[in-house]
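Each remark here refers to the structure printed beneath this line.
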Amino acid sequence: MTYTNMKQATFLERPNRFLAHIELNGKTEVCHVKNTGRCKELLVPGAPVFVQEFDSSTRKTKYDLISVMKGNRLINMDSQVPNKVFYEWACGGHFISNVTHIKPEVKYGNSRFDFYMETPDQKIFVEVKGVTLEEHGVAMFPDAPTERGVKHISELIQAKQQGYESYLIFVIQMDHIQYFTPNSLTHKAFALKLNEAQEQGVHILALDCHVSEHSITMGSPVRIQY
């Protein structure tokens, strides 16, 4: 996926989860944050950020915050992009071959999975989770307790038991990652449910991404350590 009209700025503060103040060309600007997560380890005063500029006449803010430098690592924090990156990757034949049908946002039980796919031999549900939390080269999810995430895993297990193929894909929105692990310190129930899903035959994959100030594309599989 490619972004247009990108500008480099400096993060100043985040008055609420939807807005940030940035410094751009010597001026303080208001910027929309495309990630409602905490991201406290990313959005620190003085951090270089990359923002996308829009026609302000049609928006409340002129900029969207897309990515941030954490040390020497550029991290995409656009919460809408993991599904788009996965869709591009899957449509390119890199996920499962012989896909005859792919549909986003499909209801199953009491949940709505990100994708439903079909091949001549399989019916498949896919849930995608974006990952922005990293420590010492290790990617982790979640960065805050997520009962919704636990619910999604439970229903992926149920779908598997009912004859569907179930996939949980962690799209790590950065590169040069050593491995991925569930963040049991933040949400132990999620980590336990993820381990149960793996034992029940749910396919769990983690992949990093190639991230630049202008783009993000799917990278390579990353080892998962439960």
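As shown in the structure tokens, the chain order sets the letters A, B, ...; within each chain, residues go from 1, and ligands are also counted from 1 in the order they appear.
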**Request:** Just the residues within 12 Å of segment 73-78 of chain A, please, counting only C-alpha atoms, with nothing from its chain fewer than 6 positions along; format it as a PyMOL selection string.
**Result:** chain A and resi 1+3+32-43+47-52+64-67+84-85+129-137+139+171-177+208-217
Take the residues from that selection and put them in a file with N, CA and C atoms, as a compact mmCIF listing (two decimals), in the first residue's frame.
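Saved the output as again-v3.txt:
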# COMPACT_ATOMS: atom_id res chain seq x y z
N MET A 1 0.84 -1.18 0.00
CA MET A 1 0.00 0.00 0.00
C MET A 1 0.88 1.24 0.00
N TYR A 3 1.13 5.52 0.30
CA TYR A 3 0.54 6.78 0.77
C TYR A 3 1.04 7.92 -0.11
N HIS A 32 -4.95 14.09 13.01
CA HIS A 32 -5.78 12.94 13.39
C HIS A 32 -4.90 11.71 13.61
N VAL A 33 -5.10 11.02 14.72
CA VAL A 33 -4.35 9.80 15.02
C VAL A 33 -5.17 8.60 14.55
N LYS A 34 -4.62 7.84 13.61
CA LYS A 34 -5.36 6.71 13.02
C LYS A 34 -5.16 5.43 13.82
N ASN A 35 -5.05 5.58 15.13
CA ASN A 35 -4.90 4.43 16.01
C ASN A 35 -5.38 4.86 17.39
N THR A 36 -6.45 4.25 17.88
CA THR A 36 -7.00 4.65 19.18
C THR A 36 -6.34 3.91 20.35
N GLY A 37 -5.35 3.05 20.05
CA GLY A 37 -4.63 2.36 21.11
C GLY A 37 -3.78 3.32 21.93
N ARG A 38 -3.19 2.80 22.97
CA ARG A 38 -2.42 3.65 23.88
C ARG A 38 -1.15 4.21 23.22
N CYS A 39 -0.37 3.33 22.61
CA CYS A 39 0.82 3.73 21.84
C CYS A 39 1.75 4.66 22.62
N LYS A 40 1.77 4.50 23.95
CA LYS A 40 2.57 5.41 24.76
C LYS A 40 4.07 5.24 24.52
N GLU A 41 4.47 4.05 24.11
CA GLU A 41 5.89 3.82 23.86
C GLU A 41 6.31 4.39 22.50
N LEU A 42 5.34 4.76 21.67
CA LEU A 42 5.63 5.31 20.34
C LEU A 42 5.51 6.83 20.31
N LEU A 43 4.41 7.33 20.84
CA LEU A 43 4.13 8.76 20.75
C LEU A 43 4.71 9.48 21.96
N ALA A 47 9.44 12.77 19.05
CA ALA A 47 9.59 11.66 18.11
C ALA A 47 9.31 12.13 16.68
N PRO A 48 10.15 11.76 15.71
CA PRO A 48 9.84 12.06 14.32
C PRO A 48 8.64 11.23 13.86
N VAL A 49 7.72 11.87 13.18
CA VAL A 49 6.54 11.19 12.67
C VAL A 49 6.36 11.55 11.19
N PHE A 50 5.60 10.70 10.49
CA PHE A 50 5.24 10.98 9.11
C PHE A 50 3.72 11.08 9.03
N VAL A 51 3.26 12.15 8.44
CA VAL A 51 1.83 12.44 8.37
C VAL A 51 1.41 12.59 6.92
N GLN A 52 0.14 12.26 6.66
CA GLN A 52 -0.42 12.39 5.32
C GLN A 52 -1.27 13.66 5.27
N ASP A 64 -3.22 13.21 8.78
CA ASP A 64 -3.35 11.94 9.46
C ASP A 64 -1.96 11.47 9.88
N LEU A 65 -1.83 11.01 11.11
CA LEU A 65 -0.56 10.46 11.58
C LEU A 65 -0.46 9.00 11.13
N ILE A 66 0.57 8.70 10.35
CA ILE A 66 0.70 7.37 9.74
C ILE A 66 1.77 6.52 10.41
N SER A 67 2.94 7.09 10.64
CA SER A 67 4.05 6.29 11.16
C SER A 67 4.92 7.14 12.08
N LYS A 84 -5.76 -3.96 4.79
CA LYS A 84 -5.47 -3.62 3.40
C LYS A 84 -4.20 -4.32 2.92
N VAL A 85 -3.19 -4.36 3.78
CA VAL A 85 -1.94 -5.04 3.43
C VAL A 85 -2.18 -6.54 3.23
N LYS A 129 -4.91 -9.04 12.92
CA LYS A 129 -4.60 -8.14 14.03
C LYS A 129 -3.33 -7.37 13.70
N GLY A 130 -3.39 -6.05 13.78
CA GLY A 130 -2.21 -5.23 13.58
C GLY A 130 -1.39 -5.14 14.85
N VAL A 131 -0.06 -5.19 14.71
CA VAL A 131 0.85 -5.20 15.85
C VAL A 131 1.79 -4.00 15.75
N THR A 132 1.78 -3.14 16.76
CA THR A 132 2.68 -1.99 16.80
C THR A 132 3.58 -1.99 18.04
N LEU A 133 3.36 -2.93 18.95
CA LEU A 133 4.13 -2.98 20.20
C LEU A 133 5.39 -3.81 19.99
N GLU A 134 6.53 -3.23 20.33
CA GLU A 134 7.82 -3.90 20.15
C GLU A 134 8.75 -3.54 21.30
N GLU A 135 9.48 -4.54 21.79
CA GLU A 135 10.51 -4.30 22.80
C GLU A 135 11.72 -5.16 22.47
N HIS A 136 12.86 -4.51 22.26
CA HIS A 136 14.12 -5.22 22.00
C HIS A 136 14.00 -6.19 20.83
N GLY A 137 13.28 -5.78 19.79
CA GLY A 137 13.15 -6.62 18.60
C GLY A 137 12.09 -7.69 18.69
N ALA A 139 8.07 -8.49 18.89
CA ALA A 139 6.75 -7.91 18.68
C ALA A 139 5.75 -8.61 19.57
N VAL A 171 -0.29 -9.03 11.71
CA VAL A 171 0.47 -8.21 10.77
C VAL A 171 1.31 -7.24 11.60
N ILE A 172 2.61 -7.48 11.65
CA ILE A 172 3.52 -6.66 12.44
C ILE A 172 3.94 -5.47 11.60
N GLN A 173 3.58 -4.27 12.04
CA GLN A 173 3.69 -3.08 11.20
C GLN A 173 5.08 -2.44 11.27
N MET A 174 6.09 -3.32 11.12
CA MET A 174 7.50 -2.92 11.14
C MET A 174 8.31 -4.11 10.64
N ASP A 175 9.62 -3.92 10.47
CA ASP A 175 10.46 -5.04 10.05
C ASP A 175 11.59 -5.27 11.04
N HIS A 176 12.46 -6.24 10.71
CA HIS A 176 13.60 -6.63 11.55
C HIS A 176 13.14 -7.08 12.94
N ILE A 177 12.17 -7.98 12.96
CA ILE A 177 11.63 -8.52 14.20
C ILE A 177 12.22 -9.91 14.45
N ASP A 208 6.02 -9.87 9.33
CA ASP A 208 6.44 -8.49 9.46
C ASP A 208 6.10 -7.74 8.17
N CYS A 209 6.43 -6.45 8.13
CA CYS A 209 6.12 -5.62 6.97
C CYS A 209 7.33 -4.79 6.60
N HIS A 210 7.45 -4.50 5.32
CA HIS A 210 8.42 -3.53 4.84
C HIS A 210 7.77 -2.15 4.94
N VAL A 211 8.33 -1.28 5.75
CA VAL A 211 7.72 0.02 6.02
C VAL A 211 8.66 1.13 5.57
N SER A 212 8.14 2.06 4.79
CA SER A 212 8.86 3.28 4.46
C SER A 212 7.96 4.45 4.80
N GLU A 213 8.46 5.65 4.64
CA GLU A 213 7.63 6.81 4.94
C GLU A 213 6.47 6.95 3.97
N HIS A 214 6.54 6.26 2.82
CA HIS A 214 5.50 6.37 1.80
C HIS A 214 4.68 5.09 1.61
N SER A 215 5.09 3.97 2.23
CA SER A 215 4.43 2.71 1.88
C SER A 215 4.55 1.68 2.99
N ILE A 216 3.74 0.65 2.85
CA ILE A 216 3.84 -0.54 3.71
C ILE A 216 3.39 -1.74 2.89
N THR A 217 4.19 -2.79 2.91
CA THR A 217 3.86 -4.04 2.20
C THR A 217 4.20 -5.21 3.10
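Residues in contact with segment 101-115 of chain A at 6 Å, where only C-alpha atoms are counted and same-chain residues fewer than 6 positions away are skipped, are listed as Phe125, Val126 and Glu127 of chain A.
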**Prompt:** Excluding same-chain residues fewer than 4 positions from segment 178-195 of chain A, what lies within 6 Å of it counting only C-alpha atoms, as a ChimeraX atom specification?
**Reply:** /A:137-142,145,150,222-226
**Request:** Check the DSSP output for the backbone and give back, as a VMD selection string, the residues of segment 77-190 of chain A in helix (DSSP H, G or I).
**Result:** chain A and resid 81 to 91 147 to 161 188 to 190
**Request:** Please measure the separation of atom CA of Tyr167 of chain A and atom CA of Cys91 of chain A, giving the value in Å to one decimal.
**Result:**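 Interatomic distance here is 16.0 Å.
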**Request:** Rank A:Asn5, A:Ser166, A:Asn16, A:Thr119 by their smallest atom-to-atom distance to Gly93 of chain A, using only C-alpha atoms, and report the top residue only.
**Result:** A:Thr119
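Ranking A:Phe86, A:Gln80, A:Glu199, A:Ala144 by their shortest atom-to-atom distance to Ile157 of chain A, with only C-alpha atoms included, puts A:Glu199 first.
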**Point-to-point distance in Å for atom CA of Gly26 of chain A and atom CA of Ser56 of chain A** =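 These two atoms are separated by 18.7 Å.
Reported to one decimal place, the separation of atom CA of Tyr164 of chain A from atom CA of Gln122 of chain A is 7.2 Å.
Comparing A:Lys60, A:Arg148, A:His203, A:Lys70 by their smallest distance to Leu168 of chain A, the closest is A:His203 (using only C-alpha atoms).
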